[in-house]
Amino acid sequence: METTLRGVGVSHGVAIGEVRHMGTAVLEPPAKQIPPQDAEREQGRARQAVEAVAADLMARGNLAGGEAQAVLEAQAMMAQDPELIADVERRIAVGSTAERGVYDAFAAYRALLANAGEYLAGRVADLDDVRNRIVARLLGVPMPGVPDSDEPYVLIARDLAPADTALLDPALVLGFVTEEGGPTSHSAILARALGVPAVVALPGAGELAEGTTVAVDGSTGEIFVDPSAGKKAEMEAAAAARRAALAASTGPGATSDGHRVPLLANIGGPADVPAAVEAGAEGVGLFRTEFLFLDDSRNAPSREKQVEAYRQVLEAFPEGRVVVRVLDAGADKPLDFLTPADEPNPALGVRGLRSLLDHPEVLRTQLTALSEASEGLPVHLEVMAPMVADRADAKAFADACRAAGLRAKFGAMVEIPSAALRARSILREVEFLSLGTNDLAQYTFAADRQVGAVSRLQDPWQPALLDLVAVSAEAASAEGRSCGVCGEAASDPLLACVLTGLGVTSLSMGAASIPYVRAALAKYTLAQCRRAAAAARACDSAEEARTAAQAVLSGE
Ligand code: PEP
Ligand code: MG
């Protein structure tokens, strides 16, 4: 029977498909003793699990081909290493369960690898993955990480970390549903980047049985479990009609009376560029460069690797504007070589610009790489720092840019309320502002953006957040500077109109949202947007603000 669940819709569209769960990290199996007569059976289970995992890795390698095949075959060989299997059997013979024997034998092998020089140490993660697969199989729990599936599916996860993102195949993930996360969590950002529908903050999602059919509406936040044929047809028809209407809206961003609001794309690297170009992005408003760093949390990517990635992005927008944000590590995006391990409160600790100022060589390499990448290109390069708190931060960043000989505009993200309140003083040091409304909401409401339970406070319609946007935009206008929005607030079509009314000068968002925002802006004049903004600011809650803005714009 069809049932309906409701979370927070964060990425438009409809996804209908079977549920697959993201496997959680493998827990350490309990160290319980088995009686001697069970040893043979446990050894048989262990051998079977090893064989099955090796066969699965080989099969996936065959399917993938190329470099991935070599990696997967090497993993299959690790699983079948005769010495490792002999060690597992020895441990079982003296009382370990199969899963505990595998776990301990791999731990011993892991220590050997980790101390055996750089190349072998680099294989530790592959070995851990093999161990996790064997242990998961023995425990009868889903494989850790992204589901192994050849068929498209709706991904269910507790939450998704940026590091998971590299592993997702957009051709297979129809949509996401997460238990945790709010509208500005990385799950939401990732869903928009992939252009797939998503719902977050749905506490019961983890209980949906593997293989259940669901229909996800990423706009309303509704999930229909076991939808009827009629429901599926109705949702598919509505989605198709919406796509057709959006395809009809093209050209640069502007209100109906021609007030220009450039629509820019948020990207994580060169792989996101084609979707941005296809959506008609007028440039890049936020290049989250930390995605280049997440492959290896122990070392920064080389200058050469960075130059190549930056150049690919810059070349894609020859005449356009490209705003690159320097590395924003820490808090939910920790990097071993930068982020202190023992912070009691990482979101309030050494993250963003703070960690770069503590590691000036990392910032210098990044700025030099940007400078080299932009050489000879007509692009309008702009470089900005995350987590700027005050004028001293802005000055330190601008000084570092100048010292690296960078020919670009330097800017500051407004993500901390102090930066919004003192925007004019920050603009004494840098040339533009970009509002990171995700973190700005997090710090204004003391509401962790990762925690679904406080998603109400992460709602970018909160009038207090709108006030801080207005204060920043007014300061920028008084100084003759630009003030864009690159947080997720920009991707909400109705809110985009309100932000325009508040004086924001550009809107940057995941490529998939651009047509929705373009179509909404084109419906209203600047004066209507201003009236909607004033009505929203006069309210006391996010819901009232949304309703008030809607009422003004629809002429009620
Ligand atoms: C923001 O905080 O709004 C922002 C754009 O940065 P990120 O989401 O990457 O922290
Ligand atoms: Mg941020």
# chains A, B, ... in the order shown; residues from 1 in each chain; ligands from 1
>>> residues_around(residues="region 95-99 of chain A", least_positions_apart="2", cutoff="9 Å", atoms="only C-alpha atoms", output="PyMOL selection string")
chain A and resi 28-36+38-39+41-47+88-93+101-104+134-139
>>> residues_around(residues="Arg158 (chain A)", least_positions_apart="5", cutoff="6 Å", atoms="only C-alpha atoms", output="list in words")
Thr178, Glu179 and Glu180 of chain A
>>> atom_distance(atom1="CA of Val323 (chain A)", atom2="CA of Pro463 (chain A)")
27.5 Å
>>> residues_near_ligand(ligand="ligand 1", cutoff="6 Å", atoms="only C-alpha atoms and all ligand atoms", output="list of chain:residue names")
A:Glu415, A:Gly436, A:Thr437, A:Asn438, A:Asp439, A:Cys486, A:Gly487
>>> write_last_selection(atoms="N, CA, C and O atoms", output="short mmCIF file (atom, residue, chain, number, x, y, z; two decimals), in the first residue's frame")
data_model
loop_
_atom_site.label_atom_id
_atom_site.label_comp_id
_atom_site.auth_asym_id
_atom_site.auth_seq_id
_atom_site.Cartn_x
_atom_site.Cartn_y
_atom_site.Cartn_z
N GLU A 415 30.46 34.77 5.54
CA GLU A 415 29.90 33.54 6.10
C GLU A 415 29.76 33.62 7.61
O GLU A 415 29.21 32.73 8.25
N GLY A 436 28.13 33.50 1.58
CA GLY A 436 28.02 32.05 1.76
C GLY A 436 26.90 31.82 2.76
O GLY A 436 27.14 31.68 3.96
N THR A 437 25.68 31.77 2.25
CA THR A 437 24.52 31.75 3.17
C THR A 437 24.42 30.46 3.96
O THR A 437 23.74 30.41 4.99
N ASN A 438 25.11 29.39 3.49
CA ASN A 438 25.03 28.13 4.24
C ASN A 438 25.72 28.29 5.59
O ASN A 438 25.16 27.99 6.64
N ASP A 439 26.95 28.75 5.55
CA ASP A 439 27.66 28.95 6.81
C ASP A 439 27.12 30.17 7.55
O ASP A 439 27.08 30.19 8.78
N CYS A 486 26.48 32.93 -3.12
CA CYS A 486 26.88 31.64 -3.68
C CYS A 486 26.48 30.49 -2.76
O CYS A 486 26.83 29.35 -3.01
N GLY A 487 25.74 30.80 -1.70
CA GLY A 487 25.22 29.73 -0.84
C GLY A 487 23.97 29.16 -1.48
O GLY A 487 23.47 29.67 -2.49
#
>>> residues_around(residues="region 73-77 of chain A", least_positions_apart="3", cutoff="8 Å", atoms="only C-alpha atoms", output="count of residues only")
13
>>> residues_around(residues="Asn299 (chain A)", least_positions_apart="5", cutoff="9 Å", atoms="only C-alpha atoms", output="list in words")
Phe293, Leu335, Asp336 and Phe337 of chain A
>>> write_last_selection(atoms="all heavy atoms", output="PDB file, in the first residue's frame")
ATOM      1  N   PHE A 293      41.428  18.577  -3.257  1.00  0.00           N
ATOM      2  CA  PHE A 293      42.282  18.169  -2.144  1.00  0.00           C
ATOM      3  C   PHE A 293      41.760  16.926  -1.430  1.00  0.00           C
ATOM      4  O   PHE A 293      42.468  16.349  -0.619  1.00  0.00           O
ATOM      5  CB  PHE A 293      42.383  19.307  -1.100  1.00  0.00           C
ATOM      6  CG  PHE A 293      43.206  20.480  -1.549  1.00  0.00           C
ATOM      7  CD1 PHE A 293      42.765  21.315  -2.559  1.00  0.00           C
ATOM      8  CD2 PHE A 293      44.430  20.764  -0.951  1.00  0.00           C
ATOM      9  CE1 PHE A 293      43.513  22.408  -2.967  1.00  0.00           C
ATOM     10  CE2 PHE A 293      45.187  21.853  -1.356  1.00  0.00           C
ATOM     11  CZ  PHE A 293      44.725  22.685  -2.366  1.00  0.00           C
ATOM     12  N   LEU A 335      41.117  17.905   6.542  1.00  0.00           N
ATOM     13  CA  LEU A 335      42.266  17.362   5.806  1.00  0.00           C
ATOM     14  C   LEU A 335      43.361  17.102   6.837  1.00  0.00           C
ATOM     15  O   LEU A 335      43.705  17.994   7.618  1.00  0.00           O
ATOM     16  CB  LEU A 335      42.781  18.379   4.773  1.00  0.00           C
ATOM     17  CG  LEU A 335      41.924  18.592   3.535  1.00  0.00           C
ATOM     18  CD1 LEU A 335      42.490  19.697   2.672  1.00  0.00           C
ATOM     19  CD2 LEU A 335      41.824  17.297   2.723  1.00  0.00           C
ATOM     20  N   ASP A 336      43.915  15.876   6.806  1.00  0.00           N
ATOM     21  CA  ASP A 336      44.885  15.501   7.847  1.00  0.00           C
ATOM     22  C   ASP A 336      46.052  16.479   7.955  1.00  0.00           C
ATOM     23  O   ASP A 336      46.530  16.754   9.044  1.00  0.00           O
ATOM     24  CB  ASP A 336      45.466  14.108   7.571  1.00  0.00           C
ATOM     25  CG  ASP A 336      44.403  13.045   7.707  1.00  0.00           C
ATOM     26  OD1 ASP A 336      43.299  13.379   8.195  1.00  0.00           O
ATOM     27  OD2 ASP A 336      44.659  11.897   7.316  1.00  0.00           O
ATOM     28  N   PHE A 337      46.502  17.001   6.815  1.00  0.00           N
ATOM     29  CA  PHE A 337      47.721  17.818   6.878  1.00  0.00           C
ATOM     30  C   PHE A 337      47.433  19.267   7.279  1.00  0.00           C
ATOM     31  O   PHE A 337      48.358  20.055   7.446  1.00  0.00           O
ATOM     32  CB  PHE A 337      48.506  17.760   5.562  1.00  0.00           C
ATOM     33  CG  PHE A 337      47.809  18.405   4.390  1.00  0.00           C
ATOM     34  CD1 PHE A 337      48.081  19.719   4.040  1.00  0.00           C
ATOM     35  CD2 PHE A 337      46.887  17.702   3.646  1.00  0.00           C
ATOM     36  CE1 PHE A 337      47.441  20.318   2.968  1.00  0.00           C
ATOM     37  CE2 PHE A 337      46.248  18.289   2.572  1.00  0.00           C
ATOM     38  CZ  PHE A 337      46.523  19.592   2.237  1.00  0.00           C
TER      39      PHE A 337
END
>>> select_by_dssp(residues="region 68-197 of chain A", states="strand (DSSP E or B)", output="MDAnalysis selection string")
chainID A and resid 145 153:157 173:178
>>> residues_around(residues="Ser472 (chain A)", least_positions_apart="4", cutoff="9 Å", atoms="only C-alpha atoms", output="ChimeraX atom specification")
/A:414,419-424,433,435,467-468,476-477,483,503-504
>>> select_by_dssp(residues="region 487-550 of chain A", states="alpha helix (DSSP H)", output="MDAnalysis selection string")
chainID A and resid 493:502 514:521 526:537 542:550
>>> write_last_selection(atoms="N, CA and C atoms", output="mmCIF file, in the first residue's frame")
data_model
loop_
_atom_site.group_PDB
_atom_site.id
_atom_site.type_symbol
_atom_site.label_atom_id
_atom_site.label_comp_id
_atom_site.auth_asym_id
_atom_site.auth_seq_id
_atom_site.Cartn_x
_atom_site.Cartn_y
_atom_site.Cartn_z
ATOM 1 N N PRO A 493 14.161 29.394 -6.355
ATOM 2 C CA PRO A 493 13.711 30.403 -7.323
ATOM 3 C C PRO A 493 13.003 31.605 -6.685
ATOM 4 N N LEU A 494 12.154 31.334 -5.705
ATOM 5 C CA LEU A 494 11.425 32.441 -5.083
ATOM 6 C C LEU A 494 12.383 33.302 -4.253
ATOM 7 N N LEU A 495 13.255 32.632 -3.507
ATOM 8 C CA LEU A 495 14.197 33.366 -2.673
ATOM 9 C C LEU A 495 15.187 34.165 -3.539
ATOM 10 N N ALA A 496 15.503 33.611 -4.719
ATOM 11 C CA ALA A 496 16.414 34.330 -5.622
ATOM 12 C C ALA A 496 15.831 35.701 -5.963
ATOM 13 N N CYS A 497 14.511 35.772 -6.129
ATOM 14 C CA CYS A 497 13.860 37.058 -6.426
ATOM 15 C C CYS A 497 13.987 37.990 -5.221
ATOM 16 N N VAL A 498 13.811 37.422 -4.024
ATOM 17 C CA VAL A 498 13.922 38.228 -2.805
ATOM 18 C C VAL A 498 15.365 38.728 -2.636
ATOM 19 N N LEU A 499 16.333 37.857 -2.890
ATOM 20 C CA LEU A 499 17.742 38.267 -2.760
ATOM 21 C C LEU A 499 18.038 39.415 -3.729
ATOM 22 N N THR A 500 17.473 39.312 -4.921
ATOM 23 C CA THR A 500 17.644 40.385 -5.907
ATOM 24 C C THR A 500 17.056 41.683 -5.357
ATOM 25 N N GLY A 501 15.899 41.559 -4.748
ATOM 26 C CA GLY A 501 15.257 42.729 -4.136
ATOM 27 C C GLY A 501 16.063 43.294 -2.976
ATOM 28 N N LEU A 502 16.855 42.455 -2.328
ATOM 29 C CA LEU A 502 17.691 42.925 -1.212
ATOM 30 C C LEU A 502 18.959 43.621 -1.707
ATOM 31 N N ILE A 514 19.879 26.552 -12.274
ATOM 32 C CA ILE A 514 19.918 27.804 -13.057
ATOM 33 C C ILE A 514 18.627 28.023 -13.865
ATOM 34 N N PRO A 515 18.131 27.025 -14.624
ATOM 35 C CA PRO A 515 16.913 27.295 -15.407
ATOM 36 C C PRO A 515 15.727 27.685 -14.532
ATOM 37 N N TYR A 516 15.607 27.074 -13.343
ATOM 38 C CA TYR A 516 14.489 27.396 -12.443
ATOM 39 C C TYR A 516 14.586 28.853 -11.982
ATOM 40 N N VAL A 517 15.805 29.267 -11.616
ATOM 41 C CA VAL A 517 15.983 30.626 -11.110
ATOM 42 C C VAL A 517 15.807 31.636 -12.251
ATOM 43 N N ARG A 518 16.339 31.315 -13.411
ATOM 44 C CA ARG A 518 16.202 32.227 -14.561
ATOM 45 C C ARG A 518 14.731 32.474 -14.870
ATOM 46 N N ALA A 519 13.964 31.372 -14.886
ATOM 47 C CA ALA A 519 12.540 31.489 -15.228
ATOM 48 C C ALA A 519 11.805 32.320 -14.173
ATOM 49 N N ALA A 520 12.148 32.140 -12.904
ATOM 50 C CA ALA A 520 11.448 32.891 -11.847
ATOM 51 C C ALA A 520 11.764 34.380 -11.943
ATOM 52 N N LEU A 521 13.051 34.708 -12.096
ATOM 53 C CA LEU A 521 13.450 36.130 -12.170
ATOM 54 C C LEU A 521 12.780 36.844 -13.325
ATOM 55 N N LEU A 526 12.112 44.513 -10.971
ATOM 56 C CA LEU A 526 12.976 44.753 -9.817
ATOM 57 C C LEU A 526 12.149 45.339 -8.672
ATOM 58 N N ALA A 527 11.208 46.208 -9.005
ATOM 59 C CA ALA A 527 10.381 46.819 -7.949
ATOM 60 C C ALA A 527 9.568 45.755 -7.219
ATOM 61 N N GLN A 528 9.048 44.782 -7.961
ATOM 62 C CA GLN A 528 8.298 43.695 -7.305
ATOM 63 C C GLN A 528 9.222 42.891 -6.391
ATOM 64 N N CYS A 529 10.434 42.634 -6.872
ATOM 65 C CA CYS A 529 11.402 41.877 -6.049
ATOM 66 C C CYS A 529 11.703 42.658 -4.773
ATOM 67 N N ARG A 530 11.821 43.976 -4.897
ATOM 68 C CA ARG A 530 12.111 44.798 -3.704
ATOM 69 C C ARG A 530 10.952 44.746 -2.715
ATOM 70 N N ARG A 531 9.735 44.797 -3.266
ATOM 71 C CA ARG A 531 8.570 44.751 -2.370
ATOM 72 C C ARG A 531 8.491 43.384 -1.680
ATOM 73 N N ALA A 532 8.799 42.334 -2.428
ATOM 74 C CA ALA A 532 8.769 40.981 -1.831
ATOM 75 C C ALA A 532 9.828 40.882 -0.735
ATOM 76 N N ALA A 533 10.994 41.500 -0.979
ATOM 77 C CA ALA A 533 12.082 41.448 0.007
ATOM 78 C C ALA A 533 11.669 42.180 1.282
ATOM 79 N N ALA A 534 11.048 43.342 1.109
ATOM 80 C CA ALA A 534 10.634 44.116 2.282
ATOM 81 C C ALA A 534 9.575 43.337 3.065
ATOM 82 N N ALA A 535 8.645 42.700 2.348
ATOM 83 C CA ALA A 535 7.593 41.934 3.026
ATOM 84 C C ALA A 535 8.209 40.762 3.794
ATOM 85 N N ALA A 536 9.181 40.102 3.211
ATOM 86 C CA ALA A 536 9.806 38.949 3.887
ATOM 87 C C ALA A 536 10.547 39.404 5.136
ATOM 88 N N ARG A 537 11.244 40.536 5.040
ATOM 89 C CA ARG A 537 12.014 41.020 6.204
ATOM 90 C C ARG A 537 11.104 41.487 7.334
ATOM 91 N N ALA A 542 10.604 31.999 9.112
ATOM 92 C CA ALA A 542 10.925 31.635 7.730
ATOM 93 C C ALA A 542 9.645 31.344 6.938
ATOM 94 N N GLU A 543 8.717 30.613 7.562
ATOM 95 C CA GLU A 543 7.480 30.243 6.841
ATOM 96 C C GLU A 543 6.711 31.504 6.469
ATOM 97 N N GLU A 544 6.586 32.413 7.439
ATOM 98 C CA GLU A 544 5.832 33.640 7.150
ATOM 99 C C GLU A 544 6.535 34.454 6.065
ATOM 100 N N ALA A 545 7.861 34.475 6.102
ATOM 101 C CA ALA A 545 8.612 35.262 5.114
ATOM 102 C C ALA A 545 8.359 34.722 3.708
ATOM 103 N N ARG A 546 8.379 33.385 3.616
ATOM 104 C CA ARG A 546 8.160 32.753 2.308
ATOM 105 C C ARG A 546 6.750 33.074 1.807
ATOM 106 N N THR A 547 5.781 32.933 2.698
ATOM 107 C CA THR A 547 4.385 33.176 2.300
ATOM 108 C C THR A 547 4.188 34.646 1.911
ATOM 109 N N ALA A 548 4.806 35.540 2.680
ATOM 110 C CA ALA A 548 4.632 36.975 2.399
ATOM 111 C C ALA A 548 5.246 37.331 1.040
ATOM 112 N N ALA A 549 6.429 36.784 0.762
ATOM 113 C CA ALA A 549 7.083 37.098 -0.519
ATOM 114 C C ALA A 549 6.248 36.550 -1.676
ATOM 115 N N GLN A 550 5.767 35.327 -1.481
ATOM 116 C CA GLN A 550 4.938 34.695 -2.515
ATOM 117 C C GLN A 550 3.696 35.541 -2.778
#
>>> residues_around(residues="Ile189 (chain A)", least_positions_apart="6", cutoff="9 Å", atoms="only C-alpha atoms", output="list in words")
Val10, Ser11, Pro183, Glu488 and Gly510 of chain A
>>> residues_around(residues="Ala512 (chain A)", least_positions_apart="4", cutoff="12 Å", atoms="only C-alpha atoms", output="number ranges by chain")
A: 10-13, 189-197, 243, 246-247, 263-267, 272-281, 491-493, 508, 516-518
>>> closest_residue(among="A:Leu314, A:Ala489, A:Ala389, A:Ala188", to="Ser374 (chain A)", atoms="only C-alpha atoms")
A:Leu314
